[in-house]
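Asks: TSV, C-alpha atoms, saved as work_11.tsv, coming up:
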```
chain	number	residue	atom	x	y	z
A	248	MET	CA	-25.14	13.36	1.39
A	249	MET	CA	-24.70	10.38	3.64
A	250	THR	CA	-28.26	9.30	2.94
A	251	TYR	CA	-27.29	8.87	-0.70
A	252	ILE	CA	-24.10	6.92	0.04
A	253	VAL	CA	-25.47	3.58	-1.15
A	254	PHE	CA	-26.61	5.10	-4.44
A	255	ILE	CA	-23.25	6.82	-5.02
A	256	LEU	CA	-21.39	3.57	-4.28
A	257	SER	CA	-23.61	1.66	-6.71
A	258	VAL	CA	-22.94	4.26	-9.43
A	259	ILE	CA	-19.18	3.91	-8.91
A	260	PHE	CA	-19.72	0.12	-8.95
A	261	VAL	CA	-21.31	0.30	-12.40
A	262	VAL	CA	-18.62	2.68	-13.71
A	263	SER	CA	-15.86	0.31	-12.66
A	264	PHE	CA	-17.77	-2.58	-14.27
A	265	VAL	CA	-17.81	-0.58	-17.50
A	266	GLY	CA	-14.05	-0.13	-17.06
A	267	PHE	CA	-13.26	-3.80	-17.33
A	268	SER	CA	-16.17	-4.82	-19.58
A	269	SER	CA	-14.85	-2.55	-22.31
A	270	LYS	CA	-11.94	-4.96	-22.40
A	271	PRO	CA	-8.62	-3.22	-22.25
A	272	SER	CA	-5.62	-5.47	-21.72
A	273	PRO	CA	-6.37	-8.06	-18.95
A	274	ILE	CA	-3.90	-6.59	-16.50
A	275	TYR	CA	-5.84	-3.28	-16.40
A	276	GLY	CA	-9.10	-5.20	-16.32
A	277	GLY	CA	-7.90	-7.08	-13.25
A	278	LEU	CA	-6.93	-3.82	-11.57
A	279	VAL	CA	-10.38	-2.32	-12.15
A	280	LEU	CA	-12.02	-5.57	-10.95
A	281	ILE	CA	-10.15	-5.18	-7.66
A	282	ILE	CA	-11.56	-1.66	-7.33
A	283	SER	CA	-15.09	-2.85	-8.10
A	284	GLY	CA	-14.69	-5.64	-5.52
A	285	ALA	CA	-13.80	-3.05	-2.91
A	286	ILE	CA	-16.80	-0.90	-3.85
A	287	GLY	CA	-19.08	-3.97	-3.72
A	288	CYS	CA	-17.76	-4.66	-0.23
A	289	GLY	CA	-18.69	-1.07	0.66
A	290	ILE	CA	-22.25	-1.58	-0.60
A	291	VAL	CA	-22.58	-4.77	1.45
A	292	LEU	CA	-21.21	-3.02	4.55
A	293	CYS	CA	-23.76	-0.20	4.23
A	294	PHE	CA	-26.55	-2.73	4.71
A	295	GLY	CA	-24.93	-4.12	7.85
A	296	GLY	CA	-23.27	-7.24	6.48
A	297	SER	CA	-19.85	-7.01	8.04
A	298	PHE	CA	-18.92	-10.68	7.77
A	299	LEU	CA	-19.95	-10.92	4.14
A	300	GLY	CA	-17.96	-7.78	3.30
A	301	LEU	CA	-14.93	-9.42	4.90
A	302	MET	CA	-15.63	-12.50	2.75
A	303	VAL	CA	-15.46	-10.37	-0.39
A	304	PHE	CA	-12.08	-9.01	0.54
A	305	LEU	CA	-10.57	-12.23	1.81
A	306	ILE	CA	-11.92	-14.88	-0.53
A	307	TYR	CA	-12.79	-12.95	-3.67
A	308	LEU	CA	-10.04	-10.33	-3.85
A	309	GLY	CA	-7.40	-12.09	-1.81
A	310	GLY	CA	-7.94	-15.55	-3.25
A	311	MET	CA	-9.45	-15.48	-6.69
A	312	LEU	CA	-8.08	-12.23	-8.04
A	313	VAL	CA	-4.54	-12.94	-6.90
A	314	VAL	CA	-4.66	-16.14	-8.96
A	315	PHE	CA	-6.01	-14.15	-11.92
A	316	GLY	CA	-3.25	-11.61	-11.44
A	317	TYR	CA	-0.37	-13.97	-11.71
A	318	THR	CA	-1.94	-15.97	-14.53
A	319	THR	CA	-2.30	-12.70	-16.43
A	320	ALA	CA	1.31	-11.81	-15.67
A	321	MET	CA	2.27	-15.14	-17.16
A	322	ALA	CA	0.35	-14.62	-20.40
A	323	THR	CA	0.68	-10.90	-21.03
A	324	GLU	CA	2.12	-8.97	-23.96
A	325	GLN	CA	4.72	-6.29	-24.27
A	326	TYR	CA	2.49	-3.25	-24.92
A	327	PRO	CA	-0.78	-3.72	-23.02
A	328	GLU	CA	-3.76	-1.75	-24.32
A	329	VAL	CA	-5.07	1.10	-22.20
A	330	TRP	CA	-8.56	2.58	-22.55
A	331	VAL	CA	-7.34	5.49	-24.69
A	332	SER	CA	-5.07	3.57	-27.04
A	333	ASN	CA	-7.82	1.76	-28.94
A	334	LYS	CA	-10.98	3.27	-30.40
A	335	ALA	CA	-13.10	0.17	-29.75
A	336	VAL	CA	-12.23	0.12	-26.05
A	337	LEU	CA	-12.75	3.85	-25.68
A	338	GLY	CA	-16.05	3.72	-27.54
A	339	ALA	CA	-17.36	0.89	-25.37
A	340	PHE	CA	-16.28	2.73	-22.24
A	341	ILE	CA	-18.06	5.93	-23.30
A	342	VAL	CA	-21.24	4.06	-24.25
A	343	GLY	CA	-21.31	2.32	-20.87
A	344	LEU	CA	-20.64	5.57	-19.04
A	345	LEU	CA	-23.42	7.36	-20.89
A	346	SER	CA	-25.96	4.63	-20.17
A	347	GLU	CA	-25.08	4.75	-16.47
A	348	LEU	CA	-25.32	8.57	-16.44
A	349	LEU	CA	-28.76	8.42	-18.07
A	350	THR	CA	-29.94	5.86	-15.52
A	351	ALA	CA	-28.59	7.87	-12.59
A	352	CYS	CA	-30.12	11.14	-13.82
A	353	TYR	CA	-33.48	9.47	-14.34
A	354	ILE	CA	-33.41	7.98	-10.86
A	355	LEU	CA	-32.41	11.26	-9.22
A	356	LYS	CA	-34.99	13.27	-11.13
A	357	GLY	CA	-37.81	13.07	-8.62
A	358	ASP	CA	-38.92	11.40	-5.47
A	359	ASP	CA	-41.78	9.43	-6.94
A	360	VAL	CA	-40.07	8.18	-10.06
A	361	GLU	CA	-41.06	4.66	-10.92
A	362	VAL	CA	-39.15	2.44	-13.31
A	363	GLU	CA	-40.73	-0.74	-14.58
A	364	VAL	CA	-38.51	-3.21	-16.42
A	365	VAL	CA	-39.62	-6.63	-15.21
A	366	LEU	CA	-40.32	-5.55	-11.65
A	367	LYS	CA	-41.48	-2.22	-10.33
A	368	PHE	CA	-38.61	-0.24	-8.88
A	369	ASN	CA	-39.52	2.85	-6.93
A	370	GLY	CA	-37.33	5.06	-4.83
A	371	ALA	CA	-39.98	5.70	-2.21
A	372	GLY	CA	-38.43	4.00	0.81
A	373	ASP	CA	-34.97	3.64	-0.51
A	374	TRP	CA	-32.83	6.16	1.30
A	375	VAL	CA	-33.64	4.78	4.72
A	376	ILE	CA	-32.49	1.34	5.73
A	377	TYR	CA	-35.34	-0.40	7.51
A	378	ASP	CA	-34.63	-1.79	10.93
A	379	THR	CA	-36.88	-3.54	13.40
A	380	GLY	CA	-35.07	-1.84	16.24
A	381	ASP	CA	-34.18	-4.70	18.52
A	382	SER	CA	-31.34	-6.87	17.36
A	383	GLY	CA	-30.49	-8.46	20.69
A	384	PHE	CA	-26.90	-9.14	21.55
A	385	PHE	CA	-25.83	-10.75	18.30
A	386	SER	CA	-25.84	-9.83	14.62
A	387	GLU	CA	-28.42	-11.88	12.78
A	388	GLU	CA	-26.28	-12.11	9.68
A	389	ALA	CA	-23.42	-13.76	11.58
A	390	MET	CA	-25.88	-16.15	13.22
A	391	GLY	CA	-27.32	-17.02	9.81
A	392	ILE	CA	-23.86	-17.84	8.51
A	393	ALA	CA	-23.08	-19.87	11.62
A	394	ALA	CA	-26.17	-21.92	10.79
A	395	LEU	CA	-24.16	-23.26	7.86
A	396	TYR	CA	-22.78	-25.89	10.18
A	397	SER	CA	-26.05	-26.91	11.81
A	398	TYR	CA	-28.85	-26.52	9.25
A	399	GLY	CA	-26.52	-26.54	6.29
A	400	THR	CA	-24.45	-29.64	6.95
A	401	TRP	CA	-25.43	-31.18	3.64
A	402	LEU	CA	-24.41	-27.95	1.85
A	403	VAL	CA	-20.97	-28.16	3.45
A	404	ILE	CA	-20.57	-31.78	2.35
A	405	VAL	CA	-21.67	-31.03	-1.24
A	406	THR	CA	-19.45	-27.95	-1.64
A	407	GLY	CA	-16.47	-29.69	-0.08
A	408	TRP	CA	-16.89	-32.64	-2.40
A	409	SER	CA	-17.31	-30.44	-5.46
A	410	LEU	CA	-14.13	-28.52	-4.58
A	411	PHE	CA	-12.27	-31.80	-4.27
A	412	ILE	CA	-13.61	-33.02	-7.63
A	413	GLY	CA	-12.70	-29.63	-9.13
A	414	VAL	CA	-9.10	-30.08	-8.06
A	415	LEU	CA	-9.01	-33.55	-9.65
A	416	VAL	CA	-10.57	-32.24	-12.88
A	417	ILE	CA	-8.03	-29.41	-13.09
A	418	MET	CA	-5.20	-31.84	-12.56
A	419	GLU	CA	-6.49	-33.98	-15.42
A	420	VAL	CA	-6.97	-30.96	-17.71
A	421	THR	CA	-3.49	-29.61	-17.13
A	422	ARG	CA	-1.84	-32.97	-17.53
A	423	GLY	CA	-2.23	-32.42	-21.26
A	424	ASN	CA	-0.30	-34.89	-23.39
B	776	MET	CA	-37.83	-2.98	-4.68
B	777	SER	CA	-35.35	-0.24	-4.00
B	778	VAL	CA	-33.56	1.72	-6.64
B	779	VAL	CA	-30.06	0.45	-5.86
B	780	TYR	CA	-31.03	-2.82	-7.56
B	781	ILE	CA	-31.22	-1.09	-10.95
B	782	ASN	CA	-27.52	-0.25	-10.78
B	783	ILE	CA	-26.55	-3.75	-9.73
B	784	PHE	CA	-28.69	-5.27	-12.53
B	785	LEU	CA	-27.01	-2.86	-14.95
B	786	ALA	CA	-23.58	-3.97	-13.74
B	787	PHE	CA	-24.54	-7.62	-14.27
B	788	THR	CA	-25.86	-6.89	-17.78
B	789	LEU	CA	-22.73	-4.94	-18.73
B	790	SER	CA	-20.34	-7.67	-17.69
B	791	PHE	CA	-22.58	-10.29	-19.35
B	792	MET	CA	-22.33	-8.40	-22.63
B	793	GLY	CA	-18.61	-8.06	-22.08
B	794	LEU	CA	-18.40	-11.84	-21.68
B	795	LEU	CA	-20.24	-12.49	-24.94
B	796	ILE	CA	-18.36	-9.99	-27.14
B	797	TYR	CA	-14.85	-11.22	-27.78
B	798	ARG	CA	-11.91	-9.00	-28.49
B	799	SER	CA	-8.41	-10.43	-28.60
B	800	HIS	CA	-7.77	-12.03	-25.20
B	801	LEU	CA	-9.62	-14.95	-23.64
B	802	MET	CA	-8.50	-13.73	-20.22
B	803	SER	CA	-10.66	-10.61	-20.37
B	804	SER	CA	-13.75	-12.80	-20.93
B	805	LEU	CA	-12.84	-14.74	-17.80
B	806	LEU	CA	-12.56	-11.44	-15.93
B	807	CYS	CA	-16.07	-10.51	-17.13
B	808	LEU	CA	-17.28	-13.87	-15.76
B	809	GLU	CA	-15.77	-12.94	-12.40
B	810	GLY	CA	-17.52	-9.60	-12.58
B	811	MET	CA	-20.84	-11.37	-13.13
B	812	MET	CA	-20.23	-13.49	-10.03
B	813	LEU	CA	-19.36	-10.38	-7.98
B	814	SER	CA	-22.53	-8.56	-9.02
B	815	LEU	CA	-24.62	-11.65	-8.22
B	816	PHE	CA	-23.00	-11.86	-4.78
B	817	VAL	CA	-23.73	-8.20	-4.05
B	818	MET	CA	-27.33	-8.49	-5.27
B	819	MET	CA	-27.98	-11.62	-3.22
B	820	THR	CA	-26.38	-10.15	-0.08
B	821	VAL	CA	-28.29	-6.86	-0.34
B	822	THR	CA	-31.60	-8.72	-0.80
B	823	ILE	CA	-30.92	-11.00	2.17
B	824	LEU	CA	-29.83	-8.18	4.46
B	825	ALA	CA	-32.66	-5.82	3.52
B	826	ASN	CA	-35.37	-8.44	4.01
B	827	HIS	CA	-33.80	-10.02	7.12
B	828	PHE	CA	-33.66	-13.54	5.66
B	829	THR	CA	-31.37	-14.71	8.41
B	830	LEU	CA	-30.99	-18.36	7.44
B	831	ALA	CA	-30.29	-17.50	3.79
B	832	SER	CA	-27.11	-15.63	4.76
B	833	MET	CA	-25.09	-18.75	4.02
B	834	THR	CA	-26.02	-18.75	0.32
B	835	PRO	CA	-23.62	-15.94	-0.75
B	836	ILE	CA	-20.77	-17.98	0.71
B	837	ILE	CA	-21.91	-21.07	-1.24
B	838	LEU	CA	-22.13	-18.91	-4.38
B	839	LEU	CA	-18.55	-17.78	-3.80
B	840	VAL	CA	-17.38	-21.38	-3.42
B	841	PHE	CA	-18.86	-22.43	-6.74
B	842	ALA	CA	-17.59	-19.24	-8.42
B	843	ALA	CA	-14.09	-20.12	-7.22
B	844	CYS	CA	-14.43	-23.61	-8.69
B	845	GLU	CA	-15.47	-22.25	-12.05
B	846	ALA	CA	-12.79	-19.57	-12.08
B	847	ALA	CA	-10.13	-22.18	-11.38
B	848	LEU	CA	-11.44	-24.39	-14.17
B	849	GLY	CA	-11.50	-21.48	-16.64
B	850	LEU	CA	-7.96	-20.53	-15.68
B	851	SER	CA	-6.71	-24.09	-16.16
B	852	LEU	CA	-8.20	-24.13	-19.66
B	853	LEU	CA	-6.55	-20.78	-20.35
B	854	VAL	CA	-3.20	-22.12	-19.17
B	855	MET	CA	-3.48	-25.12	-21.50
B	856	ILE	CA	-4.40	-22.87	-24.43
B	857	SER	CA	-1.52	-20.59	-23.61
B	858	SER	CA	0.92	-23.48	-23.43
B	859	THR	CA	-0.27	-24.90	-26.77
B	860	TYR	CA	-0.42	-21.68	-28.81
B	861	GLY	CA	1.93	-19.41	-26.91
B	862	THR	CA	-0.67	-16.68	-26.30
B	863	ASP	CA	-4.31	-16.67	-25.26
B	864	TYR	CA	-5.64	-14.94	-28.36
B	865	VAL	CA	-9.16	-15.96	-29.34
B	866	GLN	CA	-8.25	-16.13	-33.03
B	867	ASN	CA	-6.08	-19.17	-32.30
B	868	LEU	CA	-9.16	-21.24	-31.45
B	869	ASN	CA	-9.97	-22.11	-35.05
B	870	LEU	CA	-9.81	-25.90	-35.25
B	871	LEU	CA	-13.53	-26.12	-36.00
B	872	GLN	CA	-13.30	-23.96	-39.16
B	873	CYS	CA	-16.91	-23.00	-39.61
```
Using structure tokens, write down the structure that the file contains.
Replies:
Amino acid sequence: MMTYIVFILSVIFVVSFVGFSSKPSPIYGGLVLIISGAIGCGIVLCFGGSFLGLMVFLIYLGGMLVVFGYTTAMATEQYPEVWVSNKAVLGAFIVGLLSELLTACYILKGDDVEVEVVLKFNGAGDWVIYDTGDSGFFSEEAMGIAALYSYGTWLVIVTGWSLFIGVLVIMEVTRGN
Amino acid sequence: MSVVYINIFLAFTLSFMGLLIYRSHLMSSLLCLEGMMLSLFVMMTVTILANHFTLASMTPIILLVFAACEAALGLSLLVMISSTYGTDYVQNLNLLQC
């Protein structure tokens, strides 16, 4: 079962995406987005990206979704809609769930199943994570991210400047009048 | 390509359709935009880690930076709409009348 852990996590990922894409009230959508962020972190961790999984939790969930949470709390209504209280939401949720179930059953049907949408997907080497064997004394993903400050200096300057301009734009937008 | 990508593509497509189909709140469309960014992050990270593109590992972080910028901008627009109309219902955005 542990060989299929990445597939199971990706199925739960899609199910939680259906949960907030079927648009219940935003407070429940935010809750399900937190769950899908955690599952996405799990998928990233299964491929060996420990620093990037930490980034998801810290920056994405801890920074962006907290801001979404209290903005939603500011603009919410008295009786928020759940998935079962509205036929449109429930219908969208069931349609999404069925499409994911069909996809999962088709993928699990055989070992040499091949799906072609734009690219050829095949499950032939999927359950084993390829590794060259020797990774030295450091994790190559962490070294690649550390290269942000040596090879990616211009990237740092551009993103820093765009964040600064973003703050100025937001201040102008919310000044109103 | 491995089969896990199908599920992540499906997640991206679902939240993209959720972004385009409005119901009552503008906030839930912004949440679908965040979902799109999350699925793009996961797809990019899985591709980079599975193919050992070491130097490209910085690009998911850059993607997250720009996603944070756009989320903050969307939220500021939502706050202005909410302070003008009282709620963030999409039916209030009818100045164009066409």
Asks: Closest to Leu808 in chain B among B:Leu830, B:Leu871, B:Ile856, B:Met792, using all atoms listed in the file?
Replies: B:Met792
Asks: Identify all chain B residues at most 6 Å from chain A by counting all atoms listed in the file; ligands do not count. Present them as a list in words.
Replies: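 Every residue of chain B that passes the 6 Å test is in Met776, Ser777, Val778, Val779, Asn782, Ala786, Ser790, Gly793, Ser803, Thr829, Leu830, Ser832 and Met833 of chain B.
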Asks: Could you work out how far CA of Phe816 in chain B lies from CA of Pro835 in chain B, giving the answer in Å with one decimal?
Replies: 5.8 Å
Asks: Out of B:Leu815, B:Val854, B:Cys807, B:Asn826, which residue has the shortest atom-to-atom distance to Leu839 in chain B when counting all atoms listed in the file?
Replies: B:Leu815
Asks: Measure the distance from CA of Ile796 in chain B to CA of Phe304 in chain A in Å and round it to one decimal.
Replies: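 Going from CA of Ile796 in chain B over to CA of Phe304 in chain A covers 28.4 Å.
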Asks: Could you tell me which of B:Ser799, B:Ser814, B:Thr834, B:Thr822 comes closest to Asp863 in chain B if we count only C-alpha atoms?
Replies: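 For Asp863 in chain B, the nearest of the candidates is B:Ser799.
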Asks: Box in all listed atoms of range 787-804 of chain B, axis-aligned, with 4 Å more on each side; write out centre and edge lengths in Å to one decimal as AutoDock Vina command-line options.
Replies:
```
--center_x -16.8 --center_y -9.9 --center_z -21.4 --size_x 26.1 --size_y 18.0 --size_z 22.3
```
Asks: To one decimal place in Å, what is the distance between CA of Asn867 in chain B and CA of Gly810 in chain B?
Replies: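 Taking CA of Asn867 in chain B as the start and CA of Gly810 in chain B as the end point, the length is 24.7 Å.
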Asks: Tell me which protein, DNA and RNA residues are within 10 Å of Met812 in chain B, counting all atoms listed in the file, leaving out same-chain ones fewer than 6 positions away, and put them as a list in words.
Replies: Tyr307 of chain A; Phe787, Ser790, Leu806, Met818, Leu838, Leu839, Phe841, Ala842, Ala843 and Ala846 of chain B
Asks: Let me make sure I understand: among B:Leu853, B:Val840, B:Leu785, B:Leu824, which one has the smallest atom-to-atom distance to Leu868 in chain B if we use all atoms listed in the file?
Replies: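 Answer, going by the shortest atom-to-atom distance: B:Leu853.
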Asks: Compare B:Met802, B:Ile823, B:Ile836, B:Leu789 by their minimum atom-to-atom distance to Gly316 in chain A, counting only C-alpha atoms, and give me the closest one.
Replies: B:Met802
Asks: Which is closer to Glu809 in chain B than all the others in B:Tyr864, B:Ile837, B:Gly849, B:Phe828, using all atoms listed in the file?
Replies: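 Residue with the minimum atom-to-atom distance to Glu809 in chain B: B:Gly849.
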